[in-house]
Structures are given as C-alpha cells and as structure tokens.
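First up is the structure itself, then whatever we jot down about it.
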Amino acid sequence: MSLLNNKSEKLRNIMVPVLSVVMGFILGAIVMLIFGYSPVQGYSAMFTSVFGQGPKNIGEIFVTAGPLIFTALGFSVANSAGFFNIGLSGQALCGWVASIWVALSMPDSPRFIVLPLAVIAGALAGAVAAAIPGFLRAYFGTSEVIVTIMMNYVLLYASTHIVNNVMSPDVMSNKGVTQMVGANGTLRSDFLTQLTNGSRMNLGIFLALIFLVLVWFMMKKTTVGYEIRSVGLNPFASEYAGMSSKRTIILSMIISGALAGLGGVVQGLGTFQNFFVQGSSLSIGFDGMAVSLLGAGSSAGILLAAILFSVLKLGGQGMPLRAGVPTELVDVVIASIIFFVGISYLIRFLMARASGSKKEVVVVQEIESSGNDESQEGGKI
C-alpha cells in the first residue's frame with residue numbers, strides 16, 4: 001500500500017504543474033473572451049510567432065530561457081534551505097554589471113582569459129549580494145524576504161551610480177549606457193548565430209544546462225547538499241546532529257546569489273552585450289521564481305518551465321500584430337499558472353477525489369498537513 005501511495009504521489013507531482021499550465025491557459029482564454037478577443041486567434045498568433053517564423057525565433061527561446069534557468073536554480077537552492085530569496089533580481093543585476101565591467105576593462109586580452117574572468121566576477125558579485133541577507137538571517141534572525149526585497153532597490157540604484165559616476169568614461173557609449181563588449185568578452189558564437197538565422201542565441205544556454213546537472217549533483221550527491229536540505233527540513237535537529245545551521249544558511253544564500261549572478265552574466269554577455277541603466281528590477285529575477293515553482297524545483301522541471309515561459313514571453317510579442325490581443329494578457333496567463341501552482345493542494349485534493357478512493361484523499365491530507373520532502377525542500381533538484 002505504501003508503494004501504491006508513493007506512485008500516486010509521484011503522479012500527482014507530475015500532473016499538478018501540467019494541470020496548472022492547462023488551467024492557466026483556460027483562464028487566459030476566458031479573460032480574452034470577456035474583453036472581446038478570440039482565444040483561438042490569440043493563442044494561434046502566439047505559437048505561430050514562435051514556431052512559425054523559422055530558426056531565428058527558436059534561437060530566441062533559448063536566449064530567454066538561459067537567464068531564467070539560473071535564477072530559478074538560485075531560488076530553488078535557497079528554498080531548499082527553508083527560506084525565500086526574493087532578491088534574485090538585484091543579485092542578477094550585480095552579475096550583469098560586474099561581468100560587463102570586467103569584459104570592457106580588458107579589451108586587448110585574449111578571450112580564454114577575459115570570458116572566464118568576467119563570468120567568475122559576475123557569479124562572485126551575485127554571491128556577495130546574497131551573502132548579506134544570509135548573514136543577517138543567520139546571526140540576527142531578520143526576515144530574508146524583507147531584506148532581499150529592500151536590497152533589490154539598493155542594488156538597482158547602486159548600479160545606476162556605478163554606471164554614471166564610477167565606470168571609466170573610456171568604456172561608456174552614452175550617458176548611462178556602456179560600450180558593447182568585444183569579441184573577447186562575449187558569449188555570442190558566430191556558429192550559433194548562423195545556425196539560427198541571426199538570433200541572439202549564445203553559449204549561455206549551454207552554461208545553464210551544465211549548471212542544471214551540477215546543482216542537481218550538489219544537492220543530491222554531496223554533503224553540502226544534504227546539509228542544506230536538512231537545515232531546510234529542521235534546523236534544530238540539524239544542529240543536534242552536528243551541522244552548523246548558521247553556516248549552512250549563509251552558504252545556501254551564497255550559492256543562490258552566485259547562480260542568480262550567472263543569470264545576469266548571461267543576460268549581459270550573451271543577450272545584450274552591454275549594460276544600460278535599468279528603470280526597475282530585472283524581470284528575470286521574479287520570472288525565475290515562477291519558473292522554479294512551476295518546475296517544482298527539479299532540474300528537469302525548471303528546464304521545461306523556462307522554455308514554456310520563454311515561449312509565452314516571445315509569443316506574446318506577436319499577439320498584438322497578428323490577433324490584436326494586448327501583450328498584457330500574456331502576463332495574465334503567466335499569473336494564472338502561478339496562481340494554480342500556489343493552490344496545488346486543492347488540485348491534489350480534487351485529483352484524489354476524482355480517483356474515487358477515500359484512502360487517496362486521506363493520503364493527500366496527511367502529506368499536505370505534515371509537509372512532504374518536496375514542499376519543505378523546494379522540490380527535487
């Protein structure tokens with residue numbers, strides 16, 4: 001019976017995000033109908049814009065997915081330690097600024113030196129930005145949610161100051177806009193550009209795929225990952241077992257920030273190849289949280305969710321031109337998907353009721369009341 005319950009729970013873990021996506025699209029269709037738009041034409045325009053325009057738009061899907069994978073991984077690692085890192089946007093911004101700054105400061109150095117240094121600098125910048133709220137949480141018990149939200153604003157305006165007043169005029173193109181990085185500091189590849197008919201597809205997506213495997217290995221096969229998951233489950237029991245919950249909290253935040261910083265690196269060195277003053281927090285931070293939640297924190301789930309969000313983002317740009325549907329409705333679909341992920345317990349409960357088995361209903365209630373591994377650890381990485 002226990003084996004049967006485990007199989008049923010695994011099936012529910014797969015079906016919940018799938019049903020969340022389906023119901024998100026249905027709710028989006030209802031909203032379109034309310035405002036007088038055709039859902040068939042709207043969604044047809046969305047998917048035609050992505051898949052009906054040749055390899056270029058396919059390449060752009062991976063351009064968008066790369067940074068989302070990194071920020072989603074960052075959120076998942078922090079969530080595994082038992083808390084929310086809402087500062088992914090600021091940490092990614094740090095990675096973006098640092099990587100561009102390093103690349104522009106070494107215009108004559110070879111690529112095999114500049115590119116690794118720029119990537120490492122971006123990861124370190126994100127790690128330092130995340131270490132601050134991690135330290136405050138570990139030693140002073142502050143709320144990481146409040147601290148990371150506030151730091152998003154601090155880092156946003158700090159980046160503006162750095163670009164306008166700290167960076168050398170030699171690396172600036174205009175006020176608030178840096179020059180483009182040289183060939184020695186870019187993640188772009190002529191081969192990938194030609195393969196996708198001129199898209200911005202770059203090495204960032206391959207770097208993201210590598211880190212999907214590395215983070216999975218770290219969390220499942222190493223002592224560090226075990227300690228992070230243990231502290232997330234019960235910090236008091238972890239202390240009793242000889243683990244330092246303070247050190248683990250700070251370390252998990254550092255890893256989370258480094259991953260978010262790498263998302264900013266890919267955004268900077270791969271997508272835009274320069275830095276320009278941002279008017280608001282980076283969307284890849286908040287979208288990465290949604291990707292992680294939809295993917296249940298698992299590496300495979302994060303990959304699929306990142307691609308889905310990329311399709312929605314890219315396809316949404318074609319909806320006004322092809323069907324007259326405002327792009328804001330794409331955000332309605334995304335918000336709907338997140339909403340249904342948030343009420344996953346209700347979906348699980350209804351699935352159990354639909355199975356006609358009272359035992360299944362009881363199992364769902366027990367799991368949700370006591371908290372299973374996935375809910376406590378932020379999903380299987």
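Naming scheme: A, B, ... for chains in displayed order of the structure tokens; residues 1 onward per chain; ligands 1 onward as shown.
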Would you list the contacts of A:Gly232 as a ChimeraX atom specification, taking every protein, DNA or RNA residue within 6 Å and counting only C-alpha atoms, but skipping same-chain residues closer than 4 positions in sequence? /A:80-82
Restricted to all heavy atoms, what would the selected residues look like written as a short mmCIF file (atom, residue, chain, number, x, y, z; two decimals), in the first residue's frame?
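What follows is the written file part-v3.cif:
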data_model
loop_
_atom_site.label_atom_id
_atom_site.label_comp_id
_atom_site.auth_asym_id
_atom_site.auth_seq_id
_atom_site.Cartn_x
_atom_site.Cartn_y
_atom_site.Cartn_z
N SER A 80 15.40 25.30 -0.69
CA SER A 80 15.78 24.02 -0.08
C SER A 80 16.28 24.21 1.34
O SER A 80 16.16 23.32 2.18
CB SER A 80 16.86 23.32 -0.92
OG SER A 80 16.38 22.97 -2.19
N ALA A 81 16.86 25.39 1.61
CA ALA A 81 17.34 25.69 2.96
C ALA A 81 16.23 26.21 3.86
O ALA A 81 16.47 26.49 5.03
CB ALA A 81 18.47 26.71 2.89
N GLY A 82 15.04 26.35 3.31
CA GLY A 82 13.89 26.71 4.13
C GLY A 82 13.49 28.16 4.11
O GLY A 82 12.72 28.59 4.96
#
Identify, on the basis of only C-alpha atoms, every residue whose closest approach to stretch 97-112 of chain A does not exceed 7 Å; exclude the query and any residue fewer than 4 positions from it along the same chain; express the result as a PyMOL selection string. chain A and resi 93+116+118-119+121-122+125+171+181-182+184-185+265+268-269+274-275
Using all heavy atoms, can you write the selected residues to a file as a compact mmCIF listing (two decimals), in the first residue's frame?
# COMPACT_ATOMS: atom_id res chain seq x y z
N LEU A 93 21.40 41.52 -11.27
CA LEU A 93 21.88 42.82 -11.73
C LEU A 93 23.35 43.01 -11.38
O LEU A 93 24.13 43.53 -12.19
CB LEU A 93 21.03 43.93 -11.09
CG LEU A 93 21.28 45.35 -11.56
CD1 LEU A 93 20.98 45.49 -13.05
CD2 LEU A 93 20.41 46.33 -10.76
N PRO A 116 36.29 33.83 -18.97
CA PRO A 116 36.16 33.18 -17.66
C PRO A 116 36.20 34.16 -16.50
O PRO A 116 35.44 34.02 -15.53
CB PRO A 116 37.35 32.22 -17.62
CG PRO A 116 37.70 31.96 -19.04
CD PRO A 116 37.41 33.25 -19.74
N ALA A 118 35.26 37.31 -16.51
CA ALA A 118 34.00 38.07 -16.48
C ALA A 118 32.88 37.22 -15.88
O ALA A 118 32.06 37.71 -15.09
CB ALA A 118 33.64 38.54 -17.88
N VAL A 119 32.83 35.95 -16.26
CA VAL A 119 31.80 35.06 -15.73
C VAL A 119 31.97 34.86 -14.22
O VAL A 119 31.00 34.93 -13.45
CB VAL A 119 31.83 33.70 -16.46
CG1 VAL A 119 30.91 32.70 -15.77
CG2 VAL A 119 31.44 33.86 -17.92
N ALA A 121 33.53 36.87 -12.15
CA ALA A 121 33.24 38.14 -11.46
C ALA A 121 31.74 38.33 -11.28
O ALA A 121 31.29 38.79 -10.22
CB ALA A 121 33.83 39.30 -12.27
N GLY A 122 30.97 37.98 -12.29
CA GLY A 122 29.52 38.10 -12.18
C GLY A 122 28.95 37.19 -11.11
O GLY A 122 28.07 37.59 -10.33
N ALA A 125 29.90 38.57 -7.67
CA ALA A 125 29.10 39.76 -7.33
C ALA A 125 27.72 39.36 -6.83
O ALA A 125 27.22 39.90 -5.83
CB ALA A 125 28.99 40.67 -8.54
N VAL A 171 34.87 53.41 -21.25
CA VAL A 171 34.03 52.25 -21.53
C VAL A 171 32.57 52.65 -21.74
O VAL A 171 31.71 51.78 -21.90
CB VAL A 171 34.12 51.21 -20.38
CG1 VAL A 171 35.56 50.77 -20.18
CG2 VAL A 171 33.52 51.75 -19.09
N VAL A 181 30.68 44.93 -25.48
CA VAL A 181 31.89 44.17 -25.19
C VAL A 181 32.50 43.68 -26.50
O VAL A 181 31.80 43.49 -27.50
CB VAL A 181 31.58 42.97 -24.27
CG1 VAL A 181 31.06 43.45 -22.93
CG2 VAL A 181 30.61 42.01 -24.92
N GLY A 182 33.80 43.46 -26.47
CA GLY A 182 34.48 42.99 -27.67
C GLY A 182 34.28 41.50 -27.88
O GLY A 182 33.65 40.80 -27.07
N ASN A 184 36.29 39.30 -27.43
CA ASN A 184 36.99 38.51 -26.41
C ASN A 184 36.17 38.36 -25.13
O ASN A 184 36.56 37.62 -24.23
CB ASN A 184 38.34 39.16 -26.08
CG ASN A 184 38.17 40.54 -25.47
OD1 ASN A 184 37.12 41.19 -25.60
ND2 ASN A 184 39.21 41.02 -24.79
N GLY A 185 35.03 39.06 -25.02
CA GLY A 185 34.26 39.01 -23.79
C GLY A 185 32.80 38.64 -23.98
O GLY A 185 32.01 38.79 -23.05
N VAL A 265 24.96 37.46 -15.81
CA VAL A 265 26.09 37.33 -16.74
C VAL A 265 25.60 36.95 -18.14
O VAL A 265 26.01 37.53 -19.14
CB VAL A 265 27.11 36.29 -16.22
CG1 VAL A 265 28.14 35.97 -17.30
CG2 VAL A 265 27.79 36.80 -14.96
N GLY A 268 23.87 39.80 -19.72
CA GLY A 268 24.77 40.86 -20.16
C GLY A 268 25.69 40.45 -21.30
O GLY A 268 25.69 41.07 -22.36
N LEU A 269 26.48 39.40 -21.07
CA LEU A 269 27.48 39.00 -22.07
C LEU A 269 26.86 38.26 -23.25
O LEU A 269 27.48 38.17 -24.31
CB LEU A 269 28.54 38.12 -21.42
CG LEU A 269 29.38 38.75 -20.31
CD1 LEU A 269 30.41 37.75 -19.79
CD2 LEU A 269 30.05 40.03 -20.78
N ASN A 274 26.09 44.58 -23.42
CA ASN A 274 26.48 45.82 -22.76
C ASN A 274 25.59 46.00 -21.54
O ASN A 274 24.74 45.16 -21.26
CB ASN A 274 26.38 47.01 -23.71
CG ASN A 274 24.94 47.41 -24.01
OD1 ASN A 274 24.01 46.60 -23.90
ND2 ASN A 274 24.74 48.65 -24.41
N PHE A 275 25.79 47.10 -20.83
CA PHE A 275 24.89 47.40 -19.72
C PHE A 275 24.32 48.80 -19.90
O PHE A 275 25.01 49.72 -20.34
CB PHE A 275 25.62 47.32 -18.37
CG PHE A 275 24.70 47.59 -17.20
CD1 PHE A 275 23.83 46.62 -16.75
CD2 PHE A 275 24.69 48.84 -16.58
CE1 PHE A 275 22.97 46.87 -15.69
CE2 PHE A 275 23.82 49.09 -15.53
CZ PHE A 275 22.97 48.11 -15.08
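Across the structure, atom CA of A:Val128 and atom CA of A:Ala258 are spaced 8.0 Å apart.
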If we count only C-alpha atoms and set the cut-off at 6 Å, which residues sit around stretch 130-136 of chain A, ignoring sequence neighbours fewer than 3 positions away in its own chain? Please answer as a PDB file with N, CA and C atoms, in the first residue's frame.
ATOM      1  N   ALA A 127      26.982  36.485  -5.494  1.00  0.00           N
ATOM      2  CA  ALA A 127      27.176  35.775  -4.221  1.00  0.00           C
ATOM      3  C   ALA A 127      27.338  36.743  -3.062  1.00  0.00           C
ATOM      4  N   TYR A 139      22.509  35.252  11.830  1.00  0.00           N
ATOM      5  CA  TYR A 139      23.012  35.731  13.118  1.00  0.00           C
ATOM      6  C   TYR A 139      22.066  36.695  13.849  1.00  0.00           C
ATOM      7  N   PHE A 140      21.131  37.292  13.118  1.00  0.00           N
ATOM      8  CA  PHE A 140      20.238  38.252  13.772  1.00  0.00           C
ATOM      9  C   PHE A 140      18.765  37.905  13.609  1.00  0.00           C
ATOM     10  N   THR A 142      16.795  38.139  11.091  1.00  0.00           N
ATOM     11  CA  THR A 142      15.993  39.051  10.277  1.00  0.00           C
ATOM     12  C   THR A 142      15.233  38.279   9.203  1.00  0.00           C
ATOM     13  N   GLU A 144      14.465  37.264   5.719  1.00  0.00           N
ATOM     14  CA  GLU A 144      15.163  37.330   4.426  1.00  0.00           C
ATOM     15  C   GLU A 144      14.281  37.920   3.337  1.00  0.00           C
ATOM     16  N   VAL A 147      14.573  41.816   3.776  1.00  0.00           N
ATOM     17  CA  VAL A 147      15.925  42.285   3.479  1.00  0.00           C
ATOM     18  C   VAL A 147      16.235  42.171   1.988  1.00  0.00           C
ATOM     19  N   ILE A 250      24.025  30.716   5.415  1.00  0.00           N
ATOM     20  CA  ILE A 250      24.838  31.674   4.657  1.00  0.00           C
ATOM     21  C   ILE A 250      25.349  31.038   3.367  1.00  0.00           C
ATOM     22  N   MET A 253      22.662  30.774   0.729  1.00  0.00           N
ATOM     23  CA  MET A 253      22.385  32.073   0.120  1.00  0.00           C
ATOM     24  C   MET A 253      23.497  32.487  -0.842  1.00  0.00           C
ATOM     25  N   ILE A 254      24.729  32.179  -0.474  1.00  0.00           N
ATOM     26  CA  ILE A 254      25.852  32.498  -1.370  1.00  0.00           C
ATOM     27  C   ILE A 254      25.721  31.735  -2.688  1.00  0.00           C
ATOM     28  N   GLY A 257      22.831  33.231  -4.638  1.00  0.00           N
ATOM     29  CA  GLY A 257      23.206  34.503  -5.256  1.00  0.00           C
ATOM     30  C   GLY A 257      24.168  34.335  -6.415  1.00  0.00           C
TER      31      GLY A 257
END
Could you go through stretch 95-144 of chain A and tell me which residues DSSP, when run on the backbone, assigns to alpha helix (DSSP H), listing them as number ranges by chain? A: 95-105, 111-140, 144
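Residues within 10 Å of A:Val177, counting only C-alpha atoms and excluding same-chain residues fewer than 3 positions away, are Thr160, Val163, Asn164, Val171, Met172, Ser173, Asn174, Met180, Asn274, Phe275, Phe276, Val277 and Gln278 of chain A.
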Residues at most 7 Å from A:Ser310, counting only C-alpha atoms, excluding those fewer than 6 positions away in the same chain, as a list in words? Ile61, Thr64 and Ala65 of chain A
Tell me which protein, DNA and RNA residues are within 12 Å of stretch 236-243 of chain A, counting only C-alpha atoms, leaving out same-chain ones fewer than 6 positions away, and put them as a list in words. Ala81, Thr223, Val224, Tyr226, Glu227, Ile228, Arg229, Ser230 and Ile249 of chain A
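When only C-alpha atoms are used to measure the gap to A:Glu60, the shortest distance among A:Gly315, A:Gly288, A:Gly90, A:Gly225 belongs to A:Gly315.
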Show me, as a list in words, the residues that have an atom within 12 Å of A:Lys56 when counting only C-alpha atoms, minus same-chain residues fewer than 5 positions from it. Ser49, Val50, Phe51, Ile61, Phe62, Val63, Leu192, Thr193, Gln194, Leu195, Thr196, Asn197, Gly198, Ser199, Arg200, Met201 and Leu314 of chain A
Write out, as a short mmCIF file (atom, residue, chain, number, x, y, z; two decimals), in the first residue's frame, the residues just selected, with N, CA and C atoms.
data_model
loop_
_atom_site.label_atom_id
_atom_site.label_comp_id
_atom_site.auth_asym_id
_atom_site.auth_seq_id
_atom_site.Cartn_x
_atom_site.Cartn_y
_atom_site.Cartn_z
N SER A 49 3.92 32.90 -33.89
CA SER A 49 5.03 33.85 -33.77
C SER A 49 6.31 33.17 -33.31
N VAL A 50 6.15 32.10 -32.54
CA VAL A 50 7.32 31.41 -32.01
C VAL A 50 7.81 30.32 -32.95
N PHE A 51 6.90 29.45 -33.39
CA PHE A 51 7.31 28.26 -34.12
C PHE A 51 7.11 28.38 -35.63
N ILE A 61 14.09 31.64 -28.13
CA ILE A 61 13.52 30.93 -26.98
C ILE A 61 14.63 30.58 -25.99
N PHE A 62 15.73 30.06 -26.51
CA PHE A 62 16.84 29.67 -25.64
C PHE A 62 17.57 30.89 -25.08
N VAL A 63 17.53 32.00 -25.81
CA VAL A 63 18.10 33.26 -25.29
C VAL A 63 17.38 33.67 -24.01
N LEU A 192 26.45 29.68 -33.73
CA LEU A 192 25.07 29.66 -33.25
C LEU A 192 24.22 30.74 -33.93
N THR A 193 24.83 31.89 -34.18
CA THR A 193 24.10 32.96 -34.86
C THR A 193 23.72 32.55 -36.27
N GLN A 194 24.65 31.94 -37.00
CA GLN A 194 24.36 31.50 -38.36
C GLN A 194 23.38 30.33 -38.36
N LEU A 195 23.51 29.45 -37.37
CA LEU A 195 22.64 28.28 -37.29
C LEU A 195 21.18 28.69 -37.09
N THR A 196 20.97 29.79 -36.37
CA THR A 196 19.60 30.24 -36.06
C THR A 196 19.21 31.48 -36.84
N ASN A 197 19.83 31.67 -37.98
CA ASN A 197 19.47 32.79 -38.88
C ASN A 197 19.51 34.15 -38.21
N GLY A 198 20.58 34.39 -37.47
CA GLY A 198 20.78 35.73 -36.91
C GLY A 198 20.17 35.97 -35.56
N SER A 199 19.79 34.94 -34.81
CA SER A 199 19.24 35.15 -33.47
C SER A 199 20.37 35.49 -32.51
N ARG A 200 20.00 35.86 -31.30
CA ARG A 200 20.98 36.19 -30.27
C ARG A 200 21.38 34.96 -29.44
N MET A 201 21.03 33.78 -29.90
CA MET A 201 21.37 32.56 -29.16
C MET A 201 22.87 32.52 -28.89
N LEU A 314 7.97 35.35 -25.71
CA LEU A 314 8.26 35.65 -27.11
C LEU A 314 6.99 35.65 -27.94
#
If DSSP is run on the backbone, what residues of stretch 83-274 of chain A are strand (DSSP E or B)? A reply as a PyMOL selection string would be ideal. chain A and resi 172-174+177-178+188+202
Point-to-point distance from atom CA of A:Leu233 to atom CA of A:Ser89, Å rounded to tenths: 26.1 Å
Determine, for each residue of stretch 279-354 of chain A having at least one atom at most 8 Å from an atom of stretch 44-47 of chain A, the closest pair of atoms and their separation in Å to one decimal, counting only C-alpha atoms; order by chain and ascending number, as CSV.
residue,atom,partner,partner_atom,distance
A:Val311,CA,A:Phe47,CA,7.6
A:Leu312,CA,A:Met46,CA,7.3
A:Leu314,CA,A:Met46,CA,7.9
A:Gly315,CA,A:Met46,CA,4.1
A:Gly316,CA,A:Met46,CA,5.7
A:Gln317,CA,A:Met46,CA,7.7
A:Gly318,CA,A:Met46,CA,6.0
A:Met319,CA,A:Ala45,CA,5.3
A:Arg322,CA,A:Ala45,CA,5.6
A:Ala323,CA,A:Ala45,CA,6.2
Save out the residues we just selected, all heavy atoms, as a PDB file, in the first residue's frame.
ATOM      1  N   VAL A 311       8.510  30.759 -24.384  1.00  0.00           N
ATOM      2  CA  VAL A 311       7.522  30.711 -25.461  1.00  0.00           C
ATOM      3  C   VAL A 311       6.418  31.729 -25.213  1.00  0.00           C
ATOM      4  O   VAL A 311       5.991  32.455 -26.127  1.00  0.00           O
ATOM      5  CB  VAL A 311       6.926  29.290 -25.586  1.00  0.00           C
ATOM      6  CG1 VAL A 311       5.728  29.284 -26.520  1.00  0.00           C
ATOM      7  CG2 VAL A 311       7.981  28.311 -26.090  1.00  0.00           C
ATOM      8  N   LEU A 312       5.951  31.821 -23.970  1.00  0.00           N
ATOM      9  CA  LEU A 312       4.907  32.781 -23.637  1.00  0.00           C
ATOM     10  C   LEU A 312       5.390  34.209 -23.834  1.00  0.00           C
ATOM     11  O   LEU A 312       4.667  35.056 -24.396  1.00  0.00           O
ATOM     12  CB  LEU A 312       4.449  32.580 -22.189  1.00  0.00           C
ATOM     13  CG  LEU A 312       3.693  31.280 -21.881  1.00  0.00           C
ATOM     14  CD1 LEU A 312       3.442  31.163 -20.377  1.00  0.00           C
ATOM     15  CD2 LEU A 312       2.384  31.218 -22.638  1.00  0.00           C
ATOM     16  N   LEU A 314       7.969  35.352 -25.710  1.00  0.00           N
ATOM     17  CA  LEU A 314       8.263  35.650 -27.110  1.00  0.00           C
ATOM     18  C   LEU A 314       6.993  35.653 -27.941  1.00  0.00           C
ATOM     19  O   LEU A 314       6.777  36.535 -28.783  1.00  0.00           O
ATOM     20  CB  LEU A 314       9.256  34.626 -27.658  1.00  0.00           C
ATOM     21  CG  LEU A 314       9.781  34.859 -29.075  1.00  0.00           C
ATOM     22  CD1 LEU A 314      10.518  36.183 -29.155  1.00  0.00           C
ATOM     23  CD2 LEU A 314      10.698  33.720 -29.501  1.00  0.00           C
ATOM     24  N   GLY A 315       6.122  34.656 -27.729  1.00  0.00           N
ATOM     25  CA  GLY A 315       4.886  34.590 -28.483  1.00  0.00           C
ATOM     26  C   GLY A 315       3.955  35.737 -28.173  1.00  0.00           C
ATOM     27  O   GLY A 315       3.190  36.193 -29.038  1.00  0.00           O
ATOM     28  N   GLY A 316       4.016  36.240 -26.929  1.00  0.00           N
ATOM     29  CA  GLY A 316       3.161  37.365 -26.566  1.00  0.00           C
ATOM     30  C   GLY A 316       3.449  38.612 -27.367  1.00  0.00           C
ATOM     31  O   GLY A 316       2.555  39.449 -27.576  1.00  0.00           O
ATOM     32  N   GLN A 317       4.687  38.746 -27.848  1.00  0.00           N
ATOM     33  CA  GLN A 317       5.030  39.923 -28.648  1.00  0.00           C
ATOM     34  C   GLN A 317       4.346  39.917 -30.012  1.00  0.00           C
ATOM     35  O   GLN A 317       4.168  40.964 -30.631  1.00  0.00           O
ATOM     36  CB  GLN A 317       6.552  39.985 -28.824  1.00  0.00           C
ATOM     37  CG  GLN A 317       7.317  40.121 -27.519  1.00  0.00           C
ATOM     38  CD  GLN A 317       8.820  40.042 -27.716  1.00  0.00           C
ATOM     39  OE1 GLN A 317       9.333  40.079 -28.839  1.00  0.00           O
ATOM     40  NE2 GLN A 317       9.559  39.922 -26.617  1.00  0.00           N
ATOM     41  N   GLY A 318       3.969  38.713 -30.480  1.00  0.00           N
ATOM     42  CA  GLY A 318       3.312  38.632 -31.782  1.00  0.00           C
ATOM     43  C   GLY A 318       1.798  38.700 -31.710  1.00  0.00           C
ATOM     44  O   GLY A 318       1.135  38.848 -32.745  1.00  0.00           O
ATOM     45  N   MET A 319       1.236  38.608 -30.508  1.00  0.00           N
ATOM     46  CA  MET A 319      -0.219  38.610 -30.377  1.00  0.00           C
ATOM     47  C   MET A 319      -0.876  39.934 -30.804  1.00  0.00           C
ATOM     48  O   MET A 319      -1.912  39.917 -31.469  1.00  0.00           O
ATOM     49  CB  MET A 319      -0.607  38.242 -28.945  1.00  0.00           C
ATOM     50  CG  MET A 319      -0.310  36.792 -28.599  1.00  0.00           C
ATOM     51  SD  MET A 319      -0.610  36.376 -26.855  1.00  0.00           S
ATOM     52  CE  MET A 319      -2.411  36.471 -26.796  1.00  0.00           C
ATOM     53  N   ARG A 322      -0.721  40.064 -34.817  1.00  0.00           N
ATOM     54  CA  ARG A 322      -1.426  39.039 -35.569  1.00  0.00           C
ATOM     55  C   ARG A 322      -2.897  38.903 -35.181  1.00  0.00           C
ATOM     56  O   ARG A 322      -3.718  38.506 -35.996  1.00  0.00           O
ATOM     57  CB  ARG A 322      -0.725  37.689 -35.385  1.00  0.00           C
ATOM     58  CG  ARG A 322       0.675  37.646 -35.974  1.00  0.00           C
ATOM     59  CD  ARG A 322       1.367  36.339 -35.657  1.00  0.00           C
ATOM     60  NE  ARG A 322       2.667  36.259 -36.283  1.00  0.00           N
ATOM     61  CZ  ARG A 322       2.879  35.802 -37.509  1.00  0.00           C
ATOM     62  NH1 ARG A 322       1.861  35.367 -38.240  1.00  0.00           N
ATOM     63  NH2 ARG A 322       4.089  35.763 -38.025  1.00  0.00           N
ATOM     64  N   ALA A 323      -3.208  39.197 -33.906  1.00  0.00           N
ATOM     65  CA  ALA A 323      -4.588  38.990 -33.452  1.00  0.00           C
ATOM     66  C   ALA A 323      -5.176  40.189 -32.735  1.00  0.00           C
ATOM     67  O   ALA A 323      -6.331  40.159 -32.336  1.00  0.00           O
ATOM     68  CB  ALA A 323      -4.644  37.765 -32.532  1.00  0.00           C
TER      69      ALA A 323
END
Go through A:Leu27, A:Ile210, A:Val21, A:Ile334 and flag the residue nearest A:Gly66, using only C-alpha atoms for the distances. A:Ile210
